[in-house]
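Okay, model.txt now, which holds compact mmCIF, C-alpha atoms and all ligand atoms:
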# COMPACT_ATOMS: atom_id res chain seq x y z
CA MET A 210 1.60 15.12 -27.11
CA LYS A 211 2.39 15.37 -23.35
CA GLU A 212 3.46 12.31 -21.33
CA PRO A 213 0.43 10.68 -19.60
CA VAL A 214 -0.07 11.42 -15.89
CA ARG A 215 -0.83 8.43 -13.69
CA VAL A 216 -3.91 9.20 -11.57
CA THR A 217 -4.89 6.76 -8.81
CA VAL A 218 -8.48 6.83 -7.63
CA THR A 219 -9.62 4.76 -4.63
CA GLY A 220 -13.19 3.64 -4.09
CA ALA A 221 -13.56 3.58 -7.86
CA ALA A 222 -16.74 1.48 -7.83
CA GLY A 223 -18.52 3.86 -5.47
CA GLN A 224 -20.98 6.69 -5.95
CA ILE A 225 -18.63 9.65 -6.15
CA CYS A 226 -16.33 7.95 -8.60
CA TYR A 227 -19.18 7.18 -10.99
CA SER A 228 -19.40 10.94 -11.52
CA LEU A 229 -15.71 11.68 -11.11
CA LEU A 230 -13.90 9.25 -13.40
CA PHE A 231 -15.63 10.18 -16.63
CA ARG A 232 -14.91 13.85 -16.11
CA ILE A 233 -11.22 13.22 -15.39
CA ALA A 234 -11.13 11.11 -18.55
CA SER A 235 -12.65 13.91 -20.61
CA GLY A 236 -9.90 16.32 -19.53
CA GLU A 237 -11.86 18.42 -17.03
CA MET A 238 -9.28 17.95 -14.29
CA LEU A 239 -5.86 18.21 -15.91
CA GLY A 240 -6.73 19.87 -19.19
CA LYS A 241 -7.87 18.86 -22.64
CA ASP A 242 -4.25 18.30 -23.78
CA GLN A 243 -3.16 16.11 -20.87
CA PRO A 244 -3.35 12.32 -21.38
CA VAL A 245 -3.99 10.19 -18.27
CA ILE A 246 -3.55 6.64 -17.06
CA LEU A 247 -6.33 5.78 -14.61
CA ASN A 248 -5.45 3.34 -11.84
CA LEU A 249 -8.67 2.27 -10.13
CA LEU A 250 -8.35 0.77 -6.64
CA GLU A 251 -11.15 -1.15 -4.97
CA ILE A 252 -11.57 -3.76 -2.27
CA THR A 253 -11.81 -7.32 -3.61
CA PRO A 254 -15.62 -7.72 -3.29
CA ALA A 255 -16.16 -4.59 -5.40
CA LEU A 256 -13.74 -5.55 -8.19
CA LYS A 257 -16.50 -6.80 -10.50
CA VAL A 258 -18.36 -3.49 -10.34
CA CYS A 259 -15.05 -1.69 -10.78
CA GLU A 260 -14.38 -3.72 -13.94
CA ALA A 261 -17.78 -2.58 -15.21
CA VAL A 262 -16.82 1.06 -14.60
CA ALA A 263 -13.62 0.43 -16.57
CA MET A 264 -15.67 -1.11 -19.39
CA GLU A 265 -17.80 2.03 -19.55
CA LEU A 266 -14.74 4.27 -19.46
CA ASN A 267 -13.31 2.34 -22.40
CA ASP A 268 -16.64 2.49 -24.21
CA CYS A 269 -16.48 6.28 -24.14
CA ALA A 270 -13.33 6.13 -26.31
CA PHE A 271 -11.86 9.16 -24.55
CA PRO A 272 -8.79 10.18 -26.59
CA LEU A 273 -6.93 11.30 -23.44
CA VAL A 274 -7.18 7.93 -21.68
CA LYS A 275 -4.07 5.85 -22.37
CA ASP A 276 -4.84 2.98 -19.99
CA VAL A 277 -7.32 1.95 -17.29
CA VAL A 278 -5.96 -0.39 -14.62
CA VAL A 279 -8.34 -2.11 -12.18
CA THR A 280 -6.81 -3.62 -9.06
CA ASP A 281 -7.36 -4.53 -5.42
CA ASP A 282 -3.62 -4.25 -4.72
CA PRO A 283 -2.70 -0.80 -3.38
CA ALA A 284 0.96 -1.33 -4.34
CA VAL A 285 -0.06 -1.74 -7.98
CA ALA A 286 -2.52 1.15 -7.82
CA PHE A 287 -0.06 3.67 -6.37
CA LYS A 288 3.15 2.63 -8.18
CA ASP A 289 4.66 5.86 -9.56
CA ALA A 290 1.33 7.67 -9.14
CA LYS A 291 1.47 11.47 -9.46
CA ILE A 292 -2.07 12.14 -8.25
CA GLY A 293 -4.02 10.26 -5.58
CA LEU A 294 -7.74 10.87 -5.15
CA MET A 295 -8.54 9.13 -1.88
CA VAL A 296 -12.29 8.56 -2.12
CA GLY A 297 -12.59 4.94 -0.95
CA ALA A 298 -14.12 4.95 2.54
CA LYS A 299 -17.45 4.38 4.23
CA PRO A 300 -19.98 7.26 3.99
CA ARG A 301 -22.03 8.36 7.00
CA GLY A 302 -25.74 7.72 7.33
CA PRO A 303 -28.53 9.88 8.81
CA GLY A 304 -27.90 11.06 12.38
CA MET A 305 -24.13 10.49 12.25
CA GLU A 306 -21.35 13.08 12.36
CA ARG A 307 -18.45 12.58 9.97
CA LYS A 308 -16.05 11.93 12.87
CA ASP A 309 -18.17 8.89 13.84
CA LEU A 310 -16.52 7.23 10.79
CA ILE A 311 -13.00 7.45 12.22
CA ALA A 312 -12.96 3.96 13.70
CA ASP A 313 -13.87 2.37 10.36
CA ASN A 314 -12.12 4.71 7.94
CA GLY A 315 -8.98 5.79 9.81
CA LYS A 316 -7.26 2.45 9.30
CA ILE A 317 -7.76 2.63 5.52
CA PHE A 318 -5.64 5.79 5.48
CA SER A 319 -2.86 4.43 7.71
CA SER A 320 -2.42 1.37 5.52
CA LEU A 321 -2.65 3.30 2.22
CA GLY A 322 -0.24 5.92 3.64
CA LYS A 323 2.39 3.20 4.14
CA VAL A 324 1.94 1.91 0.59
CA ILE A 325 2.10 5.41 -0.88
CA ASP A 326 5.29 6.01 1.10
CA ASP A 327 6.81 2.89 -0.49
CA VAL A 328 5.74 3.10 -4.13
CA ALA A 329 4.29 6.47 -5.18
CA ASP A 330 6.10 9.42 -6.72
CA LYS A 331 7.55 11.45 -3.80
CA ASP A 332 5.73 14.55 -5.07
CA ILE A 333 2.37 12.81 -5.49
CA ARG A 334 -0.47 15.28 -5.00
CA ILE A 335 -3.06 13.78 -2.66
CA CYS A 336 -6.63 14.88 -2.08
CA VAL A 337 -8.35 13.02 0.76
CA VAL A 338 -12.12 12.85 0.33
CA GLY A 339 -13.15 9.92 2.56
CA ASN A 340 -14.49 11.19 5.87
CA PRO A 341 -13.50 12.52 8.29
CA ALA A 342 -11.34 13.97 5.51
CA ASN A 343 -8.96 16.25 7.47
CA THR A 344 -8.08 13.65 10.07
CA ASN A 345 -7.77 10.89 7.47
CA ALA A 346 -5.30 13.12 5.62
CA TYR A 347 -3.42 13.64 8.89
CA ILE A 348 -3.25 9.86 9.38
CA LEU A 349 -2.07 9.33 5.80
CA ALA A 350 0.65 11.99 6.18
CA ALA A 351 1.93 10.45 9.42
CA ASN A 352 2.27 7.09 7.66
CA ALA A 353 3.96 8.50 4.55
CA PRO A 354 6.92 10.48 5.94
CA SER A 355 8.97 10.30 2.73
CA ILE A 356 6.22 11.96 0.68
CA ASN A 357 6.27 15.74 0.23
CA GLN A 358 4.02 16.58 3.20
CA ARG A 359 2.79 19.83 1.65
CA ASN A 360 1.12 17.74 -1.01
CA ILE A 361 -1.17 15.84 1.38
CA THR A 362 -4.44 17.78 1.37
CA ALA A 363 -8.13 17.24 2.09
CA LEU A 364 -11.27 18.39 0.33
CA THR A 365 -13.15 21.47 1.55
CA ARG A 366 -13.91 22.75 -1.93
CA LEU A 367 -17.42 21.33 -1.74
CA ASP A 368 -18.07 23.54 1.30
CA HIS A 369 -16.52 26.48 -0.58
CA ASN A 370 -18.81 25.91 -3.57
CA ARG A 371 -21.84 25.47 -1.32
CA ALA A 372 -21.03 28.76 0.39
CA ILE A 373 -20.76 30.59 -2.93
CA TYR A 374 -24.16 29.27 -3.97
CA GLN A 375 -25.82 30.28 -0.68
CA LEU A 376 -24.41 33.79 -0.86
CA ALA A 377 -25.25 34.28 -4.54
CA GLU A 378 -28.80 33.06 -3.92
CA LYS A 379 -29.32 35.31 -0.89
CA SER A 380 -27.87 38.44 -2.49
CA GLY A 381 -29.47 37.86 -5.90
CA SER A 382 -26.02 37.78 -7.50
CA ASP A 383 -24.51 35.80 -10.30
CA ILE A 384 -22.33 32.91 -9.09
CA ALA A 385 -19.53 34.10 -11.39
CA ASP A 386 -19.44 37.48 -9.64
CA VAL A 387 -18.71 35.99 -6.19
CA LYS A 388 -14.96 35.89 -5.40
CA LYS A 389 -12.77 35.21 -2.37
CA MET A 390 -15.04 32.91 -0.40
CA THR A 391 -13.29 31.30 2.57
CA ILE A 392 -13.78 28.06 4.48
CA TRP A 393 -11.63 27.78 7.59
CA GLY A 394 -10.99 24.61 9.60
CA ASN A 395 -12.41 21.13 9.56
CA HIS A 396 -14.75 19.57 6.94
CA SER A 397 -17.29 19.08 9.71
CA VAL A 398 -20.06 20.92 11.44
CA THR A 399 -17.44 23.19 13.12
CA GLN A 400 -16.17 24.49 9.76
CA VAL A 401 -16.17 28.27 9.39
CA PRO A 402 -17.63 29.60 6.14
CA ASP A 403 -16.52 33.25 6.16
CA ILE A 404 -17.75 36.05 3.90
CA SER A 405 -15.70 38.78 5.61
CA PHE A 406 -13.34 39.07 2.64
CA THR A 407 -15.73 37.93 -0.07
CA GLU A 408 -16.45 40.24 -2.97
CA ILE A 409 -19.48 40.44 -5.22
CA ASN A 410 -18.66 42.30 -8.39
CA GLY A 411 -15.66 43.78 -6.58
CA ALA A 412 -17.73 45.15 -3.66
CA ASN A 413 -17.69 43.79 -0.11
CA ALA A 414 -20.23 40.94 0.12
CA ALA A 415 -20.88 41.56 3.82
CA ASP A 416 -22.47 44.91 2.88
CA LYS A 417 -24.95 43.16 0.59
CA VAL A 418 -26.47 40.77 3.12
CA ASP A 419 -27.86 41.12 6.61
CA ALA A 420 -25.18 40.52 9.29
CA THR A 421 -27.55 38.31 11.31
CA TRP A 422 -28.15 36.12 8.24
CA ALA A 423 -24.40 35.79 7.71
CA LYS A 424 -23.83 34.63 11.30
CA GLU A 425 -26.97 32.69 12.13
CA GLU A 426 -28.15 31.19 8.85
CA PHE A 427 -25.34 31.16 6.32
CA ILE A 428 -22.74 29.46 8.52
CA PRO A 429 -24.95 26.59 9.78
CA THR A 430 -26.60 26.08 6.39
CA VAL A 431 -23.23 25.52 4.72
CA ALA A 432 -21.82 23.52 7.63
CA LYS A 433 -24.85 21.21 7.71
CA ARG A 434 -25.42 20.94 3.97
CA GLY A 435 -23.89 17.45 3.78
CA ALA A 436 -26.40 16.20 6.35
CA ALA A 437 -29.25 17.97 4.51
CA VAL A 438 -28.31 16.15 1.28
CA ILE A 439 -28.20 12.82 3.14
CA ALA A 440 -31.65 13.52 4.64
CA ALA A 441 -33.10 14.39 1.24
CA ARG A 442 -31.36 11.77 -0.87
CA GLY A 443 -30.84 8.88 1.52
CA ALA A 444 -27.16 8.86 0.52
CA SER A 445 -24.35 11.35 0.74
CA SER A 446 -23.55 13.90 -1.93
CA ALA A 447 -21.88 12.36 -4.95
CA ALA A 448 -21.97 14.46 -8.14
CA SER A 449 -21.28 17.70 -6.25
CA ALA A 450 -18.44 16.01 -4.36
CA ALA A 451 -16.96 14.77 -7.64
CA ASN A 452 -17.22 18.26 -9.07
CA ALA A 453 -15.41 19.70 -6.05
CA ILE A 454 -12.61 17.14 -6.35
CA LEU A 455 -12.10 18.20 -9.97
CA ASP A 456 -12.08 21.88 -8.94
CA HIS A 457 -9.56 21.21 -6.13
CA MET A 458 -7.10 19.28 -8.27
CA ARG A 459 -7.53 21.38 -11.42
CA ASP A 460 -6.82 24.62 -9.60
CA TRP A 461 -3.88 23.12 -7.72
CA CYS A 462 -2.29 21.76 -10.91
CA LEU A 463 -3.23 24.48 -13.38
CA GLY A 464 -3.70 27.55 -11.15
CA SER A 465 -6.66 29.27 -9.50
CA GLU A 466 -8.42 32.14 -11.23
CA SER A 467 -6.54 35.42 -11.17
CA GLY A 468 -8.01 37.84 -8.59
CA ASP A 469 -9.68 35.03 -6.67
CA TRP A 470 -8.76 32.35 -4.15
CA VAL A 471 -10.08 28.90 -3.25
CA SER A 472 -10.37 26.85 -0.04
CA MET A 473 -8.20 23.78 0.52
CA ALA A 474 -7.44 21.83 3.68
CA VAL A 475 -3.64 21.75 3.81
CA PRO A 476 -0.99 21.03 6.46
CA SER A 477 -0.90 24.12 8.67
CA ASP A 478 2.39 26.01 8.69
CA GLY A 479 1.20 27.89 11.78
CA SER A 480 -0.65 30.54 9.75
CA TYR A 481 -3.43 32.28 11.71
CA GLY A 482 -2.17 30.66 14.91
CA VAL A 483 -3.29 27.14 13.93
CA GLU A 484 -1.09 24.33 15.27
CA LYS A 485 1.52 23.32 12.72
CA GLY A 486 0.82 20.05 10.90
CA LEU A 487 -2.96 19.94 11.44
CA ILE A 488 -4.80 19.57 8.14
CA TYR A 489 -6.76 22.82 8.25
CA SER A 490 -8.81 24.54 5.57
CA TYR A 491 -7.45 27.92 4.49
CA PRO A 492 -7.98 30.33 1.64
CA VAL A 493 -5.18 29.58 -0.84
CA VAL A 494 -3.98 30.88 -4.17
CA CYS A 495 -2.74 28.22 -6.60
CA LYS A 496 0.02 29.03 -9.08
CA ASP A 497 2.71 27.11 -10.96
CA GLY A 498 1.46 23.78 -9.65
CA ASP A 499 1.68 24.84 -6.01
CA TYR A 500 -0.50 26.64 -3.44
CA GLU A 501 0.13 29.46 -0.97
CA ILE A 502 -2.01 30.24 2.07
CA VAL A 503 -3.44 33.76 1.80
CA GLN A 504 -1.73 35.79 4.54
CA ALA A 505 -2.50 38.81 6.70
CA LEU A 506 -6.30 38.72 6.55
CA GLU A 507 -7.78 40.64 9.47
CA VAL A 508 -10.01 37.99 11.02
CA SER A 509 -12.80 39.24 13.32
CA ASP A 510 -13.03 38.04 16.92
CA PHE A 511 -16.26 36.18 16.07
CA ILE A 512 -14.63 34.22 13.23
CA LYS A 513 -11.41 33.69 15.21
CA GLY A 514 -13.42 32.10 18.05
CA LYS A 515 -15.02 29.70 15.59
CA MET A 516 -11.66 28.92 13.95
CA VAL A 517 -10.28 27.92 17.35
CA GLU A 518 -13.31 25.65 17.97
CA SER A 519 -12.67 23.89 14.68
CA GLU A 520 -8.95 23.55 15.48
CA THR A 521 -9.84 22.08 18.89
CA GLU A 522 -12.09 19.51 17.21
CA LEU A 523 -9.24 18.52 14.89
CA LYS A 524 -6.93 18.03 17.87
CA GLU A 525 -9.58 15.89 19.58
CA GLU A 526 -10.03 13.79 16.44
CA ARG A 527 -6.25 13.36 16.25
CA ASP A 528 -6.16 12.20 19.88
CA THR A 529 -8.66 9.42 19.10
CA VAL A 530 -6.42 7.97 16.35
CA SER A 531 -3.06 8.01 18.14
CA ASP A 532 -2.72 4.26 17.48
CA LEU A 533 -2.75 4.94 13.70
CA LEU A 534 -0.09 7.67 13.69
P1 LIG A 601 -19.53 4.68 -1.60
O1 LIG A 601 -19.84 3.77 -0.47
O2 LIG A 601 -20.51 4.82 -2.70
O3 LIG A 601 -18.15 4.27 -2.24
C1 LIG A 601 -17.02 4.03 -1.47
C2 LIG A 601 -16.21 2.95 -2.18
O4 LIG A 601 -14.98 2.81 -1.49
C3 LIG A 601 -16.89 1.58 -2.19
O5 LIG A 601 -17.01 1.11 -3.52
C4 LIG A 601 -15.95 0.72 -1.36
O6 LIG A 601 -15.88 -0.62 -1.83
C5 LIG A 601 -14.63 1.46 -1.54
N1 LIG A 601 -13.62 1.19 -0.52
C6 LIG A 601 -13.81 0.95 0.80
N2 LIG A 601 -12.62 0.72 1.39
C7 LIG A 601 -11.68 0.83 0.44
C8 LIG A 601 -10.25 0.68 0.43
N3 LIG A 601 -9.56 0.34 1.53
N4 LIG A 601 -9.58 0.85 -0.74
C9 LIG A 601 -10.26 1.15 -1.86
N5 LIG A 601 -11.60 1.28 -1.92
C10 LIG A 601 -12.30 1.13 -0.78
O7 LIG A 601 -19.20 6.11 -0.93
P2 LIG A 601 -19.12 7.53 -1.66
O8 LIG A 601 -20.47 8.16 -1.65
O9 LIG A 601 -18.38 7.40 -2.94
O10 LIG A 601 -18.26 8.34 -0.56
C11 LIG A 601 -16.91 8.00 -0.31
C12 LIG A 601 -16.38 8.80 0.88
O11 LIG A 601 -16.34 10.20 0.55
C13 LIG A 601 -17.21 8.71 2.15
O12 LIG A 601 -16.36 8.60 3.28
C14 LIG A 601 -17.96 10.05 2.19
O13 LIG A 601 -18.34 10.40 3.49
C15 LIG A 601 -16.89 10.95 1.63
N6 LIG A 601 -17.33 12.26 1.11
C16 LIG A 601 -16.54 13.33 1.38
C17 LIG A 601 -16.87 14.57 0.87
C18 LIG A 601 -16.02 15.78 1.15
O14 LIG A 601 -16.42 16.90 0.79
N7 LIG A 601 -14.86 15.66 1.78
C19 LIG A 601 -18.02 14.71 0.08
C20 LIG A 601 -18.80 13.59 -0.18
C21 LIG A 601 -18.44 12.35 0.35
C1 LIG A 602 -20.59 16.16 2.33
O1 LIG A 602 -20.20 17.20 2.84
O2 LIG A 602 -21.56 16.10 1.55
C2 LIG A 602 -19.84 14.89 2.63
O3 LIG A 602 -18.83 15.09 3.58
C3 LIG A 602 -20.74 13.76 2.99
C4 LIG A 602 -21.31 13.93 4.38
O4 LIG A 602 -21.24 12.97 5.16
O5 LIG A 602 -21.83 15.00 4.68
Would you give me this structure, written as structure tokens?
Amino acid sequence: MKEPVRVTVTGAAGQICYSLLFRIASGEMLGKDQPVILNLLEITPALKVCEAVAMELNDCAFPLVKDVVVTDDPAVAFKDAKIGLMVGAKPRGPGMERKDLIADNGKIFSSLGKVIDDVADKDIRICVVGNPANTNAYILAANAPSINQRNITALTRLDHNRAIYQLAEKSGSDIADVKKMTIWGNHSVTQVPDISFTEINGANAADKVDATWAKEEFIPTVAKRGAAVIAARGASSAASAANAILDHMRDWCLGSESGDWVSMAVPSDGSYGVEKGLIYSYPVVCKDGDYEIVQALEVSDFIKGKMVESETELKEERDTVSDLL
């Protein structure tokens, strides 16, 4: 039996976590042979609900779950943690952009960054989910300088999965046949879903759909899908977000599918001309518990222009949180 991995999940009493935690516990994130200890962090007023979630987790009698810890103390939650799923944050409502949440949510990530710096494993793998996810990850990284900075990432896998669905639907293809989807940039309306390199059954996807659709419908539909779910549901996406978090962390830890790549927002190393350090979504291949940005893709001028717009938005978001860095 492997040693248990300590997984810290913030916002554990919230919507996303009600879908997420049970799937981690069943082995869908780290594998069916990997025991876990679940540290659930909540704010004090939500502790009672969080205790109820822990009761239900225990009532499932998951063989892989070695302990469930409920706490409102971040230092307890992150002590020696190897994985941090940073979900706890306010969601947006109708008519808001994700960056409108910065004033409320940014400070959560500066204070948790400091605690993580003090008590977590130095190689903790972090996935920031709370919005605006890229800038919150940037804030966390700035406040956790002793943590392996490569390992501070944000979630754009939901956008990646949404893009695969839209393309499969439009082209009448099977989801499983769609490979090498790309999301560039910010998890915001400026994100750049890009099918230039995507394959359907090994053939170029761009040849299977109308070019006008790809530019004028596909990109905005994916970029605005979060708002469309909020409009339809009255609350932001939860089960699909949880599913994307599992996909992100599973692929990072266990490897992405051979012959494919996935999208992750990671600290830029300057690839594709993006300013170093910005948390920017790239196509990545995951292997041996690490990720590598896919290099040398020939990006069209149209996509490059959009990538720069998304980078500019990230710089503007960063400028609004200079007091938290
Ligand atoms: P929710 O309101 O249902 O749950 C959030 C939980 O976080 C609440 O229980 C709250 O008490 C808790 N919380 C608040 N501050 C906290 C703190 N400092 N420490 C620990 N817990 C804290 O919201 P949700 O629907 O679960 O969404 C959570 C976040 O995820 C939102 O910001 C939402 O916009 C974002 N989101 C991101 C993506 C993505 O793809 N990146 C997708 C969906 C949702
Ligand atoms: C999403 O993409 O569904 C989330 O970021 C929630 C939102 O505010 O759109």
Counting all atoms listed in the file, what are the residues of chain A within 6 Å of ligand LIG 602 (chain A), and for each of them which pair of atoms is the nearest and at what distance in Å, to one decimal? Sort the table by chain and rising number, as JSON lines.
{"residue": "A:Pro300", "atom": "CA", "partner": "A:LIG602", "partner_atom": "O4", "distance": 6.0}
{"residue": "A:Arg301", "atom": "CA", "partner": "A:LIG602", "partner_atom": "O4", "distance": 5.0}
{"residue": "A:Arg307", "atom": "CA", "partner": "A:LIG602", "partner_atom": "O4", "distance": 5.6}
{"residue": "A:Gly435", "atom": "CA", "partner": "A:LIG602", "partner_atom": "O5", "distance": 3.3}
{"residue": "A:Ala436", "atom": "CA", "partner": "A:LIG602", "partner_atom": "O5", "distance": 5.0}
{"residue": "A:Ser445", "atom": "CA", "partner": "A:LIG602", "partner_atom": "C3", "distance": 4.9}
{"residue": "A:Ser446", "atom": "CA", "partner": "A:LIG602", "partner_atom": "O2", "distance": 4.6}
Nearby residues (only C-alpha atoms) at most 9 Å from A:Lys433, same-chain spacing under 5 positions excluded, as a PyMOL selection string = chain A and resi 397-398+428+438
inquiry  = as a PyMOL selection string, please: every protein or nucleic acid residue near ligand LIG 601 (chain A) (cut-off 8 Å, counting all atoms listed in the file).
reply    = chain A and resi 219-226+250-252+254-255+281+283+296-301+307+310+314+317-318+321+337-342+363-368+396+435+444-447+449-451+453
ask   = Quick one: distance from atom CA of A:Val262 to atom CA of A:Ile361 in Å, one decimal?
value =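 Answer for the atom CA of A:Val262 to atom CA of A:Ile361 separation: 26.8 Å.
Between atom CA of A:Ser465 and atom CA of A:Lys417 lies a distance of 25.1 Å.
One finds atom CA of A:Glu484 at 13.5 Å from atom CA of A:Trp393.
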query = Which residue out of A:Lys388, A:Phe406, A:Gln504, A:Thr529 has the minimum interatomic distance to A:Asp469 when all atoms listed in the file are used?
reply =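 Closest candidate: A:Lys388.
Distances from A:Asn452, A:Ser531, A:Ser405, A:Asn345 to A:Glu237 were compared using all atoms listed in the file, and the smallest one belongs to A:Asn452.
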query = Restricting the calculation to only C-alpha atoms, which member of A:Ile512, A:Met305, A:Ala505, A:Val517 is positioned closest to A:Asp403?
reply = A:Ile512
query = At a cut-off of 9 Å from (-4.8, 18.5, 0.7) in the coordinates of the file, what residues are picked up using only C-alpha atoms, written as a ChimeraX atom specification?
reply = /A:334-337,343,346,359-365,457,473-476,488-490
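With only C-alpha atoms taken into account, the protein and nucleic acid residues at most 12 Å from A:Val530 (excluding it and anything under 2 positions from it in its own chain) are Lys308, Leu310, Ile311, Ala312, Asp313, Asn314, Gly315, Lys316, Phe318, Ser319, Pro341, Thr344, Asn345, Ala346, Tyr347, Ile348, Leu349, Ala351, Leu523, Lys524, Glu525, Glu526, Arg527, Asp528, Asp532, Leu533 and Leu534 of chain A.
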For A:Val471, the nearest of the candidates A:Val279, A:Val508, A:Thr407, A:Glu212, counting all atoms listed in the file =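 Of A:Val279, A:Val508, A:Thr407, A:Glu212, the one nearest A:Val471, counting all atoms listed in the file, is A:Thr407.
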message = Counting all atoms listed in the file, which residue out of A:Asn357, A:Thr521, A:Asn370, A:Thr253 sits closest to A:Ala329?
response =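 The closest residue to A:Ala329 is A:Asn357.
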message = Residues near A:Ile246, anyone? I mean within 12 Å using only C-alpha atoms, not counting same-chain ones fewer than 2 positions away, as a ChimeraX atom specification.
response = /A:212-218,230,233-234,236,239,243-244,248-249,263,266-267,271-279,286-292
Closest of A:Gly498, A:Gly293, A:Gly443, A:Gly302 to A:Leu463 - atom-to-atom distances counting all atoms listed in the file =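 Closest candidate: A:Gly498.
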Exercise on stretch 436-450 of chain A, axis-aligned box with 4 Å per side, report centre and edge lengths in Å to one decimal, as JSON:
{"center_x": -25.8, "center_y": 13.4, "center_z": -0.9, "size_x": 22.7, "size_y": 17.1, "size_z": 22.5}
Please export stretch 426-486 of chain A as an mmCIF file, in the first residue's frame, restricted to C-alpha atoms.
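This went into selection.cif:
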data_model
loop_
_atom_site.group_PDB
_atom_site.id
_atom_site.type_symbol
_atom_site.label_atom_id
_atom_site.label_comp_id
_atom_site.auth_asym_id
_atom_site.auth_seq_id
_atom_site.Cartn_x
_atom_site.Cartn_y
_atom_site.Cartn_z
ATOM 1 C CA GLU A 426 -18.797 31.517 -33.017
ATOM 2 C CA PHE A 427 -16.493 28.942 -31.481
ATOM 3 C CA ILE A 428 -14.172 31.384 -29.696
ATOM 4 C CA PRO A 429 -16.888 33.545 -28.063
ATOM 5 C CA THR A 430 -19.075 30.547 -27.223
ATOM 6 C CA VAL A 431 -16.259 28.905 -25.254
ATOM 7 C CA ALA A 432 -15.059 32.181 -23.739
ATOM 8 C CA LYS A 433 -18.572 33.098 -22.561
ATOM 9 C CA ARG A 434 -19.713 29.637 -21.524
ATOM 10 C CA GLY A 435 -19.241 30.364 -17.812
ATOM 11 C CA ALA A 436 -21.618 33.333 -18.087
ATOM 12 C CA ALA A 437 -24.093 31.224 -20.104
ATOM 13 C CA VAL A 438 -24.162 28.609 -17.323
ATOM 14 C CA ILE A 439 -24.710 31.338 -14.716
ATOM 15 C CA ALA A 440 -27.583 32.770 -16.779
ATOM 16 C CA ALA A 441 -29.203 29.354 -17.149
ATOM 17 C CA ARG A 442 -28.569 27.988 -13.675
ATOM 18 C CA GLY A 443 -28.533 31.074 -11.486
ATOM 19 C CA ALA A 444 -25.182 29.907 -10.084
ATOM 20 C CA SER A 445 -21.794 29.232 -11.575
ATOM 21 C CA SER A 446 -20.704 25.907 -12.987
ATOM 22 C CA ALA A 447 -19.969 23.359 -10.294
ATOM 23 C CA ALA A 448 -19.923 19.718 -11.425
ATOM 24 C CA SER A 449 -18.107 20.553 -14.678
ATOM 25 C CA ALA A 450 -15.606 22.676 -12.744
ATOM 26 C CA ALA A 451 -15.004 19.813 -10.312
ATOM 27 C CA ASN A 452 -14.494 17.451 -13.234
ATOM 28 C CA ALA A 453 -11.951 19.827 -14.781
ATOM 29 C CA ILE A 454 -10.029 20.109 -11.496
ATOM 30 C CA LEU A 455 -9.762 16.307 -11.385
ATOM 31 C CA ASP A 456 -8.588 16.238 -15.020
ATOM 32 C CA HIS A 457 -5.983 18.971 -14.360
ATOM 33 C CA MET A 458 -4.475 17.331 -11.297
ATOM 34 C CA ARG A 459 -4.751 13.741 -12.545
ATOM 35 C CA ASP A 460 -2.922 14.510 -15.771
ATOM 36 C CA TRP A 461 -0.275 16.574 -13.979
ATOM 37 C CA CYS A 462 0.410 13.814 -11.431
ATOM 38 C CA LEU A 463 -0.087 10.727 -13.578
ATOM 39 C CA GLY A 464 0.632 12.003 -17.113
ATOM 40 C CA SER A 465 -1.479 13.259 -20.016
ATOM 41 C CA GLU A 466 -2.606 10.887 -22.737
ATOM 42 C CA SER A 467 0.090 9.892 -25.189
ATOM 43 C CA GLY A 468 -0.270 11.752 -28.517
ATOM 44 C CA ASP A 469 -2.363 14.496 -26.940
ATOM 45 C CA TRP A 470 -1.867 17.621 -24.852
ATOM 46 C CA VAL A 471 -3.951 19.553 -22.314
ATOM 47 C CA SER A 472 -4.333 23.221 -21.347
ATOM 48 C CA MET A 473 -3.038 24.507 -18.014
ATOM 49 C CA ALA A 474 -2.413 28.052 -16.804
ATOM 50 C CA VAL A 475 1.201 27.975 -15.610
ATOM 51 C CA PRO A 476 3.899 30.556 -14.825
ATOM 52 C CA SER A 477 5.139 31.778 -18.198
ATOM 53 C CA ASP A 478 8.798 31.064 -18.937
ATOM 54 C CA GLY A 479 8.615 33.541 -21.826
ATOM 55 C CA SER A 480 7.305 30.956 -24.293
ATOM 56 C CA TYR A 481 5.411 32.487 -27.236
ATOM 57 C CA GLY A 482 6.612 35.948 -26.189
ATOM 58 C CA VAL A 483 4.441 36.077 -23.052
ATOM 59 C CA GLU A 484 5.947 38.040 -20.145
ATOM 60 C CA LYS A 485 7.792 35.736 -17.772
ATOM 61 C CA GLY A 486 5.970 34.976 -14.523
#
